[in-house]
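Colleague: Next comes the structure file input03.txt, holding compact mmCIF, C-alpha atoms.
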# COMPACT_ATOMS: atom_id res chain seq x y z
CA MET W 1 264.53 255.69 206.67
CA ALA W 2 263.12 253.85 203.67
CA GLU W 3 262.47 250.85 205.88
CA SER W 4 260.37 252.87 208.34
CA ASN W 5 258.36 254.37 205.45
CA ASN W 6 257.83 250.88 204.08
CA GLN W 7 256.74 249.65 207.49
CA SER W 8 254.39 252.64 207.81
CA ALA W 9 252.83 251.84 204.42
CA GLU W 10 252.40 248.19 205.46
CA THR W 11 250.77 249.28 208.74
CA LYS W 12 248.39 251.59 206.87
CA LEU W 13 247.52 248.79 204.43
CA SER W 14 246.94 246.40 207.33
CA ASP W 15 244.65 248.95 209.03
CA VAL W 16 242.71 249.47 205.78
CA HIS W 17 242.30 245.70 205.37
CA LYS W 18 241.06 245.39 208.99
CA ARG W 19 238.46 248.15 208.45
CA ILE W 20 237.22 246.59 205.21
CA LYS W 21 237.02 243.09 206.69
CA ALA W 22 235.17 244.34 209.78
CA ALA W 23 232.62 246.19 207.64
CA PHE W 24 232.22 243.18 205.32
CA GLU W 25 231.88 240.67 208.17
CA THR W 26 229.03 242.70 209.68
CA PHE W 27 226.92 241.66 206.67
CA ASP W 28 228.37 238.16 206.22
CA ASN W 29 225.40 236.48 207.89
CA ALA W 30 226.42 232.94 206.94
CA ALA W 31 230.06 233.55 208.02
CA ASN W 32 231.24 232.18 204.66
CA ASN W 33 233.12 235.26 203.38
CA THR W 34 230.25 236.29 201.10
CA VAL W 35 227.62 239.00 201.30
CA ASP W 36 224.46 239.69 199.35
CA VAL W 37 225.18 242.13 196.53
CA ARG W 38 222.42 244.41 197.90
CA GLU W 39 224.51 245.07 201.03
CA ILE W 40 227.55 246.39 199.17
CA GLY W 41 226.34 250.01 199.07
CA THR W 42 225.82 250.02 202.84
CA ILE W 43 229.26 248.47 203.41
CA ILE W 44 230.91 251.06 201.16
CA TYR W 45 229.05 253.94 202.86
CA SER W 46 230.09 252.63 206.28
CA LEU W 47 233.70 252.93 205.13
CA GLY W 48 233.23 256.65 204.45
CA CYS W 49 232.87 256.37 200.68
CA PHE W 50 229.95 257.87 198.83
CA PRO W 51 229.81 256.69 195.21
CA SER W 52 227.06 257.74 192.82
CA GLN W 53 224.60 255.01 191.87
CA ALA W 54 226.43 254.62 188.55
CA ASP W 55 229.82 254.24 190.30
CA LEU W 56 228.31 251.79 192.76
CA HIS W 57 226.84 249.75 189.88
CA ASP W 58 230.25 249.68 188.14
CA PHE W 59 231.99 248.64 191.36
CA ILE W 60 229.51 245.81 191.92
CA ALA W 61 229.94 244.64 188.32
CA GLU W 62 233.69 244.46 188.97
CA VAL W 63 233.45 242.33 192.13
CA GLU W 64 230.26 240.26 191.82
CA GLU W 65 230.65 236.51 191.35
CA ASP W 66 229.24 235.68 187.87
CA HIS W 67 225.95 237.57 188.42
CA SER W 68 225.23 235.26 191.38
CA GLY W 69 223.91 238.02 193.62
CA TYR W 70 226.83 237.47 196.01
CA ILE W 71 230.19 239.08 196.53
CA HIS W 72 233.13 237.21 198.02
CA LEU W 73 235.62 238.89 200.33
CA ASP W 74 238.53 237.75 198.11
CA ARG W 75 237.25 239.99 195.30
CA PHE W 76 235.86 242.79 197.47
CA LEU W 77 238.98 243.32 199.61
CA PRO W 78 241.46 244.30 196.85
CA ALA W 79 238.91 246.42 194.98
CA MET W 80 237.81 248.26 198.13
CA THR W 81 241.40 248.68 199.29
CA LYS W 82 242.16 250.45 196.02
CA VAL W 83 239.09 252.69 196.45
CA LEU W 84 240.16 253.71 199.97
CA LEU W 85 243.83 254.24 199.19
CA GLU W 86 243.02 256.32 196.10
CA HIS W 87 240.31 258.29 197.95
CA LYS W 88 237.71 257.43 195.33
CA PHE W 89 234.09 258.23 196.21
CA PRO W 90 234.96 260.95 198.76
CA PRO W 91 232.44 262.08 201.35
CA ILE W 92 230.51 265.28 200.76
CA PRO W 93 231.96 268.20 202.77
CA LYS W 94 229.93 269.29 205.83
CA ASP W 95 229.32 272.80 204.47
CA LEU W 96 227.72 271.43 201.30
CA LEU W 97 225.51 269.08 203.32
CA LEU W 98 224.43 272.03 205.47
CA GLN W 99 223.62 274.11 202.38
CA ALA W 100 221.52 271.27 200.98
CA PHE W 101 219.50 270.92 204.19
CA GLU W 102 219.07 274.69 204.46
CA VAL W 103 217.58 274.78 200.95
CA LEU W 104 215.02 272.17 202.06
CA ASP W 105 214.32 274.05 205.31
CA LYS W 106 212.43 276.91 203.66
CA ASP W 107 211.26 278.40 207.00
CA ASN W 108 214.77 278.24 208.52
CA LYS W 109 213.56 276.18 211.51
CA GLY W 110 216.78 274.16 211.93
CA TYR W 111 214.93 270.90 211.43
CA LEU W 112 212.81 269.02 208.90
CA GLU W 113 209.61 267.10 209.47
CA PRO W 114 209.90 263.37 208.60
CA GLU W 115 207.19 263.82 205.94
CA GLU W 116 209.17 266.64 204.28
CA LEU W 117 212.39 264.64 204.19
CA THR W 118 210.55 261.54 202.95
CA LYS W 119 209.00 263.54 200.10
CA TYR W 120 212.38 264.89 198.99
CA MET W 121 214.23 261.60 199.38
CA THR W 122 211.68 259.42 197.58
CA GLN W 123 210.71 261.76 194.74
CA GLU W 124 213.92 263.55 193.76
CA GLY W 125 217.33 262.52 192.41
CA GLU W 126 218.22 258.91 193.15
CA PRO W 127 215.07 258.01 195.11
CA PHE W 128 215.12 256.04 198.34
CA THR W 129 212.72 253.13 198.81
CA GLN W 130 210.13 253.29 201.59
CA GLU W 131 212.16 250.70 203.52
CA GLU W 132 215.34 252.81 203.19
CA MET W 133 213.41 255.87 204.41
CA GLU W 134 212.06 254.02 207.43
CA GLU W 135 215.57 252.85 208.34
CA MET W 136 216.95 256.36 207.91
CA LEU W 137 214.20 258.04 209.95
CA THR W 138 214.62 255.47 212.73
CA GLY W 139 218.27 256.43 213.00
CA LEU W 140 218.00 260.19 212.44
CA ALA W 141 214.73 261.50 213.87
CA ASP W 142 214.48 263.03 217.34
CA HIS W 143 211.87 260.61 218.67
CA GLU W 144 210.54 263.00 221.35
CA ARG W 145 209.71 265.81 218.89
CA ASN W 146 209.51 263.64 215.73
CA VAL W 147 211.71 265.96 213.70
CA ILE W 148 215.13 265.70 212.08
CA TYR W 149 217.67 268.22 213.39
CA TYR W 150 219.86 268.32 210.33
CA LYS W 151 222.96 269.80 212.00
CA ASP W 152 223.07 266.65 214.14
CA VAL W 153 222.52 264.51 211.04
CA ILE W 154 225.44 266.20 209.26
CA ASN W 155 227.74 265.29 212.14
CA GLN W 156 226.59 261.66 211.86
CA LEU W 157 227.05 261.62 208.06
CA ALA W 158 230.45 263.30 208.01
CA ILE W 159 233.28 260.84 208.40
CA ASP W 160 236.91 261.73 208.94
CA PRO W 161 238.56 260.55 205.69
CA ASP W 162 241.87 259.97 207.51
CA MET W 163 240.37 257.38 209.89
In structure tokens, how does this file's structure come out?

Modeller:
Amino acid sequence: MAESNNQSAETKLSDVHKRIKAAFETFDNAANNTVDVREIGTIIYSLGCFPSQADLHDFIAEVEEDHSGYIHLDRFLPAMTKVLLEHKFPPIPKDLLLQAFEVLDKDNKGYLEPEELTKYMTQEGEPFTQEEMEEMLTGLADHERNVIYYKDVINQLAIDPDM
């Protein structure tokens, strides 16, 4: 029995490593096992982890190559594996995301205008840049009506932590 548990743990570790490598390689434009430090947040988010800006900064400080602006897979893989296996930086539950959008949707329309969301996201909390907002709106807005149906957005943002 211990052997099958051990094999199961090895399989899980192998699956975690495959997910991390696949996410990392998406941003490894030079195919040299390094990514620009500015891509690390996006890679971590794509793996279903949502660190605060402070936690993200600390993580980058741990894995960055001598303040070079680049992160090598050899340093990222073990650090990110630990994050995933310990369930650090968990996703925000769907019900809390819904509550947050409902607070912003003062008229209870079920959607937000791009201008409304841009105002909130660039002027409050940890502000998004204009470029980040444009990327987000491209991916989230209903292009026929030019609104953001936040219940659909929540389903896109929520990631099954057991994947």

Colleague: Do a neighbour search on Leu97 (chain W) at 12 Å with all atoms listed in the file, toss out local chain neighbours closer than 2 positions, and write the hits as a PyMOL selection string.

Modeller: chain W and resi 91-95+99-104+150-158

Colleague: Taking into account all atoms listed in the file, which residue in the set W:Glu135, W:Asp36, W:Asp74, W:Glu64 is nearest to Ile20 (chain W)?

Modeller: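 Looking only at the distances to Ile20 (chain W), the closest residue turns out to be W:Asp74.
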
Colleague: Rounded to one decimal in Å, what is the spacing between CA of Ala141 (chain W) and CA of Leu56 (chain W)?

Modeller: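 We find that CA of Ala141 (chain W) and CA of Leu56 (chain W) lie 26.9 Å from each other.
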
Colleague: Tell me, as a PyMOL selection string, which residues lie within 12 Å of Phe128 (chain W), counting all atoms listed in the file; anything in the same chain fewer than 4 positions away does not count.

Modeller: chain W and resi 53+117-124+132-137

Colleague: Hey, which of W:Glu144, W:Glu65, W:Asp15, W:Glu115 ends up closest to Val35 (chain W)? Count only C-alpha atoms.

Modeller: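 For Val35 (chain W), the nearest of the candidates is W:Glu65.
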
Colleague: For Phe50 (chain W), which residue out of W:Lys88, W:Arg145, W:Lys12, W:Lys109 is the nearest one, using only C-alpha atoms?

Modeller: W:Lys88

Colleague: Choose the residue, out of W:Asn33, W:Phe27, W:Pro127, W:Glu113, that has the smallest atom-to-atom separation from His143 (chain W); count all atoms listed in the file.

Modeller: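 Of W:Asn33, W:Phe27, W:Pro127, W:Glu113, the one nearest His143 (chain W) is W:Glu113, counting all atoms listed in the file.
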
Colleague: Counting only C-alpha atoms, what is within 9 Å of Leu85 (chain W), bar same-chain residues fewer than 3 positions away, as a list in words?

Modeller: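 Result of the neighbour search: Leu13, Val16, Met80, Thr81, Lys82 and Lys88 of chain W.
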
Colleague: Using all atoms listed in the file, find the one residue out of W:Phe89, W:Tyr70, W:Phe76, W:Tyr111 that sits nearest to Phe24 (chain W).

Modeller: W:Phe76

Colleague: Go through W:Ile148, W:Ala9, W:Ile44, W:Val37 one by one, measure the shortest atom-to-atom distance of each to Ser68 (chain W) using all atoms listed in the file, and give the residue with the smallest value.

Modeller: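 Counting all atoms listed in the file, the residue closest to Ser68 (chain W) is W:Val37.
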
Colleague: I'd like the interatomic distance between CA of Tyr149 (chain W) and CA of Thr129 (chain W), to a tenth of an Å.

Modeller: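 We find that CA of Tyr149 (chain W) and CA of Thr129 (chain W) lie 21.6 Å from each other.
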
Colleague: So the first atom is CA of Ile43 (chain W) and the second is CA of Ala23 (chain W); what is the distance between them in Å, to one decimal place?

Modeller: 5.9 Å

Colleague: Adding 3 Å on each side of the box along x, y and z that holds all listed atoms of region 106-123 of chain W, could you give its centre and edge lengths in Å to one decimal, as JSON?

Modeller:
{"center_x": 212.0, "center_y": 268.9, "center_z": 203.3, "size_x": 15.6, "size_y": 25.0, "size_z": 23.2}

Colleague: Since fewer atoms than expected are present, regenerate N, CA, C and O atoms for region 96-119 of chain W and write them as a PDB file, in the frame of the given file.

Modeller:
ATOM      1  N   LEU W  96     228.654 271.694 202.390  1.00  0.00           N
ATOM      2  CA  LEU W  96     227.720 271.430 201.300  1.00  0.00           C
ATOM      3  C   LEU W  96     226.480 270.688 201.782  1.00  0.00           C
ATOM      4  O   LEU W  96     225.366 270.950 201.313  1.00  0.00           O
ATOM      5  N   LEU W  97     226.665 269.770 202.730  1.00  0.00           N
ATOM      6  CA  LEU W  97     225.510 269.080 203.320  1.00  0.00           C
ATOM      7  C   LEU W  97     224.602 270.092 204.020  1.00  0.00           C
ATOM      8  O   LEU W  97     223.387 270.057 203.863  1.00  0.00           O
ATOM      9  N   LEU W  98     225.211 271.009 204.767  1.00  0.00           N
ATOM     10  CA  LEU W  98     224.430 272.030 205.470  1.00  0.00           C
ATOM     11  C   LEU W  98     223.651 272.888 204.477  1.00  0.00           C
ATOM     12  O   LEU W  98     222.456 273.144 204.663  1.00  0.00           O
ATOM     13  N   GLN W  99     224.302 273.309 203.401  1.00  0.00           N
ATOM     14  CA  GLN W  99     223.620 274.110 202.380  1.00  0.00           C
ATOM     15  C   GLN W  99     222.421 273.354 201.804  1.00  0.00           C
ATOM     16  O   GLN W  99     221.357 273.935 201.605  1.00  0.00           O
ATOM     17  N   ALA W 100     222.607 272.077 201.547  1.00  0.00           N
ATOM     18  CA  ALA W 100     221.520 271.270 200.980  1.00  0.00           C
ATOM     19  C   ALA W 100     220.332 271.206 201.937  1.00  0.00           C
ATOM     20  O   ALA W 100     219.185 271.395 201.525  1.00  0.00           O
ATOM     21  N   PHE W 101     220.596 270.964 203.217  1.00  0.00           N
ATOM     22  CA  PHE W 101     219.500 270.920 204.190  1.00  0.00           C
ATOM     23  C   PHE W 101     218.839 272.282 204.339  1.00  0.00           C
ATOM     24  O   PHE W 101     217.619 272.372 204.476  1.00  0.00           O
ATOM     25  N   GLU W 102     219.640 273.350 204.313  1.00  0.00           N
ATOM     26  CA  GLU W 102     219.070 274.690 204.460  1.00  0.00           C
ATOM     27  C   GLU W 102     218.140 275.039 203.295  1.00  0.00           C
ATOM     28  O   GLU W 102     217.147 275.730 203.482  1.00  0.00           O
ATOM     29  N   VAL W 103     218.460 274.555 202.098  1.00  0.00           N
ATOM     30  CA  VAL W 103     217.580 274.780 200.950  1.00  0.00           C
ATOM     31  C   VAL W 103     216.230 274.099 201.196  1.00  0.00           C
ATOM     32  O   VAL W 103     215.175 274.650 200.884  1.00  0.00           O
ATOM     33  N   LEU W 104     216.251 272.904 201.788  1.00  0.00           N
ATOM     34  CA  LEU W 104     215.020 272.170 202.060  1.00  0.00           C
ATOM     35  C   LEU W 104     214.229 272.793 203.211  1.00  0.00           C
ATOM     36  O   LEU W 104     213.004 272.700 203.245  1.00  0.00           O
ATOM     37  N   ASP W 105     214.937 273.430 204.133  1.00  0.00           N
ATOM     38  CA  ASP W 105     214.320 274.050 205.310  1.00  0.00           C
ATOM     39  C   ASP W 105     213.920 275.489 204.961  1.00  0.00           C
ATOM     40  O   ASP W 105     214.540 276.443 205.388  1.00  0.00           O
ATOM     41  N   LYS W 106     212.848 275.614 204.197  1.00  0.00           N
ATOM     42  CA  LYS W 106     212.430 276.910 203.660  1.00  0.00           C
ATOM     43  C   LYS W 106     212.101 277.945 204.754  1.00  0.00           C
ATOM     44  O   LYS W 106     212.284 279.133 204.560  1.00  0.00           O
ATOM     45  N   ASP W 107     211.616 277.486 205.918  1.00  0.00           N
ATOM     46  CA  ASP W 107     211.260 278.400 207.000  1.00  0.00           C
ATOM     47  C   ASP W 107     212.405 278.619 207.988  1.00  0.00           C
ATOM     48  O   ASP W 107     212.225 279.278 209.014  1.00  0.00           O
ATOM     49  N   ASN W 108     213.575 278.062 207.694  1.00  0.00           N
ATOM     50  CA  ASN W 108     214.770 278.240 208.520  1.00  0.00           C
ATOM     51  C   ASN W 108     214.524 277.847 209.983  1.00  0.00           C
ATOM     52  O   ASN W 108     214.883 278.570 210.903  1.00  0.00           O
ATOM     53  N   LYS W 109     213.912 276.658 210.176  1.00  0.00           N
ATOM     54  CA  LYS W 109     213.560 276.180 211.510  1.00  0.00           C
ATOM     55  C   LYS W 109     214.733 275.451 212.182  1.00  0.00           C
ATOM     56  O   LYS W 109     214.733 275.286 213.385  1.00  0.00           O
ATOM     57  N   GLY W 110     215.676 274.948 211.372  1.00  0.00           N
ATOM     58  CA  GLY W 110     216.780 274.160 211.930  1.00  0.00           C
ATOM     59  C   GLY W 110     216.467 272.676 211.972  1.00  0.00           C
ATOM     60  O   GLY W 110     217.257 271.884 212.458  1.00  0.00           O
ATOM     61  N   TYR W 111     215.299 272.316 211.473  1.00  0.00           N
ATOM     62  CA  TYR W 111     214.930 270.900 211.430  1.00  0.00           C
ATOM     63  C   TYR W 111     213.973 270.685 210.255  1.00  0.00           C
ATOM     64  O   TYR W 111     213.456 271.636 209.659  1.00  0.00           O
ATOM     65  N   LEU W 112     213.786 269.420 209.922  1.00  0.00           N
ATOM     66  CA  LEU W 112     212.810 269.020 208.900  1.00  0.00           C
ATOM     67  C   LEU W 112     211.837 268.039 209.519  1.00  0.00           C
ATOM     68  O   LEU W 112     212.212 267.258 210.399  1.00  0.00           O
ATOM     69  N   GLU W 113     210.602 268.080 209.057  1.00  0.00           N
ATOM     70  CA  GLU W 113     209.610 267.100 209.470  1.00  0.00           C
ATOM     71  C   GLU W 113     209.907 265.798 208.707  1.00  0.00           C
ATOM     72  O   GLU W 113     210.357 265.847 207.560  1.00  0.00           O
ATOM     73  N   PRO W 114     209.667 264.636 209.314  1.00  0.00           N
ATOM     74  CA  PRO W 114     209.900 263.370 208.600  1.00  0.00           C
ATOM     75  C   PRO W 114     209.179 263.299 207.250  1.00  0.00           C
ATOM     76  O   PRO W 114     209.734 262.789 206.276  1.00  0.00           O
ATOM     77  N   GLU W 115     207.960 263.849 207.191  1.00  0.00           N
ATOM     78  CA  GLU W 115     207.190 263.820 205.940  1.00  0.00           C
ATOM     79  C   GLU W 115     207.891 264.624 204.848  1.00  0.00           C
ATOM     80  O   GLU W 115     207.909 264.229 203.687  1.00  0.00           O
ATOM     81  N   GLU W 116     208.461 265.798 205.246  1.00  0.00           N
ATOM     82  CA  GLU W 116     209.170 266.640 204.280  1.00  0.00           C
ATOM     83  C   GLU W 116     210.375 265.889 203.706  1.00  0.00           C
ATOM     84  O   GLU W 116     210.557 265.818 202.503  1.00  0.00           O
ATOM     85  N   LEU W 117     211.177 265.338 204.616  1.00  0.00           N
ATOM     86  CA  LEU W 117     212.390 264.640 204.190  1.00  0.00           C
ATOM     87  C   LEU W 117     212.023 263.425 203.331  1.00  0.00           C
ATOM     88  O   LEU W 117     212.662 263.177 202.304  1.00  0.00           O
ATOM     89  N   THR W 118     210.984 262.703 203.724  1.00  0.00           N
ATOM     90  CA  THR W 118     210.550 261.540 202.950  1.00  0.00           C
ATOM     91  C   THR W 118     210.156 261.957 201.540  1.00  0.00           C
ATOM     92  O   THR W 118     210.529 261.305 200.558  1.00  0.00           O
ATOM     93  N   LYS W 119     209.423 263.058 201.416  1.00  0.00           N
ATOM     94  CA  LYS W 119     209.000 263.540 200.100  1.00  0.00           C
ATOM     95  C   LYS W 119     210.224 263.830 199.219  1.00  0.00           C
ATOM     96  O   LYS W 119     210.300 263.372 198.080  1.00  0.00           O
TER      97      LYS W 119
END
